[in-house]
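Trainee: Structure incoming, see below.
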Amino acid sequence: MSTRIVTLPGDGIGPEIMEAGLRVLAAAAQQGGFEYSADEHPFGGAGIDACGSPYPEATRVAVHEADAVLLAAIGGPAWDDAPDRPEAGLLRMRQDLGLFANLRPTRVTAARAGRSPLRPEIVAGADFVIVRELTGGIYFGQPRRLGDDEAFDTMRYRRDEIERIARVAFETARTRRGRVTLVDKANVLASSKLWRRVVGEVAVEYPDVHQDAMYVDAAAMKLVSDPRRFDVILTENLFGDILSDEAAEITGSLGTIPSQSRGASGPAVYEPIHGSAPDIAGQGIADPISMIASVSLMLRGSVGRADVADRIDAAVDAAVSAGEITPDLGGTATTTEATDAIIRHLSTEFSKGAHDDQH
Ligand code: NAD
Ligand code: IPM
Ligand code: MN
């Protein structure tokens, strides 16, 4: 079966890292023996420029018909004053596809420990995933209003929205080390109090999973003082947005972290957690790892080729160990050079596999 992939390169460094991801995907398909089609569409600022909308109708139709969506990044100063911003297009796509669950993995492999801004003895071996609720909370809650003298947003959650994301977290924990930490602000916020209650109820259905809870301020602190204590972090939309950038940075660079967004049915979206990085766009130095790791997550989650994903992850680690990395990780490679290195290591991984198969 051929997987139908819709690609949304977007803005800023988006097209630069999308090209890198697609080169790795092509190499992986050729050596791993799977078929796919990649169909590119305008989205974000590119959608505004091409069609007058950050989520053009033709793009909307295409993502609904896809098996998986690869998104790079959107946004930038050129569209910051647009009446309908690129970011609004992203939020609309998440809502439109019902992508309520956003999984953001953080792993400090041995190859990465020395690249972290934190001491290796604190971070080495840290391995957790943030399960972020993606279609509710203050991002979407009504009422909201921007006036001249007053403005407000509403952090609103329904029980069923909390239950379904909690189940994703507990199911994810079952495939990992069996621990869920709910991160909330239940000492202050009503919505967080409901989260504590509902997550506690769902936890009863998963007696094999250990569940605890932490206030978000303390969790922000623990992420840098003791990141190894976490396995699955379950949290609402805004806290998940903030904590995932913080978590990403402990691996050495935000530019290396992928994500999967999924709903109850329909295509999942795979994308780096970072934005369009206008400060480095056009310089050819964007880290391609976040996009390549997103391709790897897609092979696990939507193509059924975890074996190939393992090889891509190993190739990325090998390139990092060899110092074939972009400036964000402390190297001097360009995006193209770092991608070339990963593709070379991927071939090595496949030839190791072929060797293993013969014995
Ligand atoms: P950003 O994530 O784009 O960049 C933050 C910092 O990380 C910058 O210094 C940037 O250079 C660096 N960085 C990010 N990705 C990198 C990579 N692959 N390689 C090397 N360095 C990398 O955040 P920002 O600057 O606050 O936002 C820029 C724009 O992106 C805004 O319009 C914002 O709304 C948008 N945004 C989009 C997404 C998305 O597409 N999902 C996510 C976050 C922000
Ligand atoms: C992310 C981004 C988005 C978010 C923005 C661009 C709407 O920061 O994917 O983390 O806040 O969810
Ligand atoms: Mn974010």
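We label chains A, B, ... in the order they appear in the structure tokens, count residues from 1 in each chain, and number ligands from 1 in the order shown.
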Return as a VMD selection string every polymer residue, whether protein, DNA or RNA, with at least one atom no more than 9 Å from an atom of ligand 3; count only C-alpha atoms and all ligand atoms.

Mentor: chain A and resid 238 240 to 245 273 to 275

Trainee: Select the residues contacting ligand 1 at a distance of at most 9 Å, based on only C-alpha atoms and all ligand atoms, then format the selection as a VMD selection string.

Mentor: chain A and resid 10 to 14 17 44 71 to 80 85 to 87 90 241 245 253 to 257 271 to 281 285 to 291 326 to 329 335

Trainee: For the residues in the current selection, export N, CA and C atoms as a short mmCIF file (atom, residue, chain, number, x, y, z; two decimals), in the first residue's frame.

Mentor:
```
data_model
loop_
_atom_site.label_atom_id
_atom_site.label_comp_id
_atom_site.auth_asym_id
_atom_site.auth_seq_id
_atom_site.Cartn_x
_atom_site.Cartn_y
_atom_site.Cartn_z
N GLY A 10 5.23 25.55 4.67
CA GLY A 10 5.00 26.75 5.47
C GLY A 10 6.01 27.85 5.23
N ASP A 11 6.49 28.44 6.32
CA ASP A 11 7.22 29.72 6.26
C ASP A 11 8.60 29.64 6.92
N GLY A 12 9.38 30.71 6.73
CA GLY A 12 10.68 30.83 7.41
C GLY A 12 11.57 29.63 7.07
N ILE A 13 12.08 28.97 8.11
CA ILE A 13 12.92 27.79 7.86
C ILE A 13 12.10 26.57 7.44
N GLY A 14 10.77 26.70 7.45
CA GLY A 14 9.91 25.56 7.12
C GLY A 14 10.32 24.84 5.84
N ILE A 17 13.77 22.94 6.11
CA ILE A 17 13.81 21.67 6.83
C ILE A 17 12.88 20.63 6.21
N GLY A 44 -0.28 28.42 6.20
CA GLY A 44 0.33 29.48 7.00
C GLY A 44 0.50 30.75 6.19
N LEU A 71 4.04 18.65 8.46
CA LEU A 71 4.04 20.11 8.51
C LEU A 71 5.40 20.57 9.02
N ALA A 72 5.96 21.63 8.40
CA ALA A 72 7.26 22.12 8.87
C ALA A 72 7.03 23.21 9.92
N ALA A 73 6.79 24.45 9.51
CA ALA A 73 6.56 25.53 10.48
C ALA A 73 5.89 26.70 9.78
N ILE A 74 5.14 27.46 10.53
CA ILE A 74 4.44 28.62 9.95
C ILE A 74 4.67 29.87 10.79
N GLY A 75 4.38 31.02 10.20
CA GLY A 75 4.43 32.28 10.92
C GLY A 75 5.65 33.11 10.56
N GLY A 76 5.63 34.37 11.00
CA GLY A 76 6.76 35.25 10.75
C GLY A 76 6.31 36.69 10.74
N PRO A 77 7.29 37.60 10.88
CA PRO A 77 6.96 39.02 11.00
C PRO A 77 6.15 39.56 9.84
N ALA A 78 6.30 38.99 8.63
CA ALA A 78 5.58 39.50 7.47
C ALA A 78 4.07 39.42 7.65
N TRP A 79 3.61 38.49 8.48
CA TRP A 79 2.16 38.28 8.62
C TRP A 79 1.65 38.59 10.03
N ASP A 80 2.53 39.20 10.87
CA ASP A 80 2.12 39.41 12.26
C ASP A 80 0.93 40.35 12.40
N ARG A 85 -4.07 35.45 10.86
CA ARG A 85 -2.64 35.12 10.94
C ARG A 85 -2.35 33.67 10.59
N PRO A 86 -1.10 33.37 10.22
CA PRO A 86 -0.70 31.98 9.97
C PRO A 86 -1.04 31.05 11.15
N GLU A 87 -0.81 31.54 12.38
CA GLU A 87 -1.07 30.74 13.57
C GLU A 87 -2.54 30.34 13.65
N LEU A 90 -3.15 27.29 11.65
CA LEU A 90 -2.70 26.07 12.33
C LEU A 90 -3.75 25.62 13.35
N ASP A 241 2.26 23.75 25.77
CA ASP A 241 3.01 24.57 24.81
C ASP A 241 4.29 25.09 25.46
N ASP A 245 8.64 23.49 24.98
CA ASP A 245 9.84 24.21 24.53
C ASP A 245 10.94 24.12 25.58
N SER A 253 18.82 21.36 21.83
CA SER A 253 18.22 22.32 20.91
C SER A 253 16.74 22.03 20.65
N LEU A 254 15.97 23.11 20.71
CA LEU A 254 14.56 23.07 20.31
C LEU A 254 14.44 22.56 18.87
N GLY A 255 15.46 22.78 18.09
CA GLY A 255 15.44 22.40 16.67
C GLY A 255 15.56 20.92 16.40
N THR A 256 15.40 20.10 17.43
CA THR A 256 15.53 18.65 17.24
C THR A 256 14.28 17.87 17.62
N ILE A 257 13.23 18.57 18.10
CA ILE A 257 12.11 17.83 18.70
C ILE A 257 10.88 17.76 17.78
N GLU A 271 4.94 17.14 13.02
CA GLU A 271 5.60 18.43 12.86
C GLU A 271 6.58 18.70 13.98
N PRO A 272 7.65 19.46 13.67
CA PRO A 272 8.52 19.96 14.73
C PRO A 272 7.71 20.77 15.72
N ILE A 273 8.17 20.87 16.97
CA ILE A 273 7.41 21.66 17.94
C ILE A 273 7.76 23.15 17.84
N HIS A 274 8.88 23.44 17.16
CA HIS A 274 9.31 24.84 17.09
C HIS A 274 8.58 25.58 15.97
N GLY A 275 8.89 26.87 15.85
CA GLY A 275 8.28 27.70 14.83
C GLY A 275 9.18 27.92 13.63
N SER A 276 8.93 29.01 12.93
CA SER A 276 9.57 29.25 11.64
C SER A 276 10.94 29.91 11.77
N ALA A 277 11.37 30.17 13.01
CA ALA A 277 12.72 30.70 13.29
C ALA A 277 13.14 31.82 12.35
N PRO A 278 12.40 32.93 12.32
CA PRO A 278 12.73 34.03 11.39
C PRO A 278 14.15 34.55 11.58
N ASP A 279 14.70 34.38 12.81
CA ASP A 279 16.05 34.92 13.07
C ASP A 279 17.13 34.20 12.28
N ILE A 280 16.87 32.97 11.83
CA ILE A 280 17.90 32.25 11.05
C ILE A 280 17.40 31.82 9.67
N ALA A 281 16.17 32.19 9.32
CA ALA A 281 15.61 31.75 8.03
C ALA A 281 16.45 32.27 6.86
N ILE A 285 21.13 27.26 7.82
CA ILE A 285 21.74 26.66 9.02
C ILE A 285 20.70 26.08 9.98
N ALA A 286 19.44 26.00 9.54
CA ALA A 286 18.41 25.43 10.42
C ALA A 286 18.71 23.96 10.70
N ASP A 287 18.47 23.56 11.92
CA ASP A 287 18.65 22.16 12.28
C ASP A 287 17.55 21.32 11.62
N PRO A 288 17.92 20.33 10.81
CA PRO A 288 16.90 19.52 10.14
C PRO A 288 16.38 18.38 11.02
N ILE A 289 16.97 18.19 12.22
CA ILE A 289 16.65 16.98 13.00
C ILE A 289 15.18 16.93 13.42
N SER A 290 14.60 18.10 13.78
CA SER A 290 13.19 18.09 14.20
C SER A 290 12.29 17.56 13.09
N MET A 291 12.61 17.91 11.85
CA MET A 291 11.79 17.47 10.71
C MET A 291 12.06 16.01 10.40
N THR A 326 24.38 21.18 13.17
CA THR A 326 24.21 22.61 12.87
C THR A 326 24.57 23.45 14.12
N PRO A 327 24.69 24.79 13.95
CA PRO A 327 25.17 25.65 15.04
C PRO A 327 24.34 25.59 16.34
N ASP A 328 23.02 25.38 16.22
CA ASP A 328 22.19 25.31 17.43
C ASP A 328 22.67 24.23 18.38
N LEU A 329 23.25 23.15 17.84
CA LEU A 329 23.77 22.07 18.68
C LEU A 329 25.26 22.21 18.95
N THR A 335 22.46 23.06 6.98
CA THR A 335 21.31 22.14 6.97
C THR A 335 21.58 21.00 5.99
#
```

Trainee: Pick out each residue of region 61-206 of chain A that DSSP on the backbone tags as alpha helix (DSSP H); I need them as an NGL selection string.

Mentor: :A and (61-65 or 86-96 or 110-113 or 120-123 or 159-174 or 190-204)

Trainee: At what distance in Å, to one decimal, does CA of Ala315 (chain A) lie from CA of Thr106 (chain A)?

Mentor: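 Computed distance, CA of Thr106 (chain A) to CA of Ala315 (chain A), equals 17.1 Å.
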
Trainee: Taking only C-alpha atoms into account, which of A:Thr235, A:Thr109, A:Ser261, A:Thr3 comes nearest Asp313 (chain A)?

Mentor: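 Closest to Asp313 (chain A), using only C-alpha atoms: A:Thr109.
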
Trainee: I need the residues of region 10-203 of chain A that end up classed as strand (DSSP E or B) by DSSP on the backbone, written out as a ChimeraX atom specification.

Mentor: /A:10,35-40,68-73,101-107,127-133,145-146,151-152,179-184
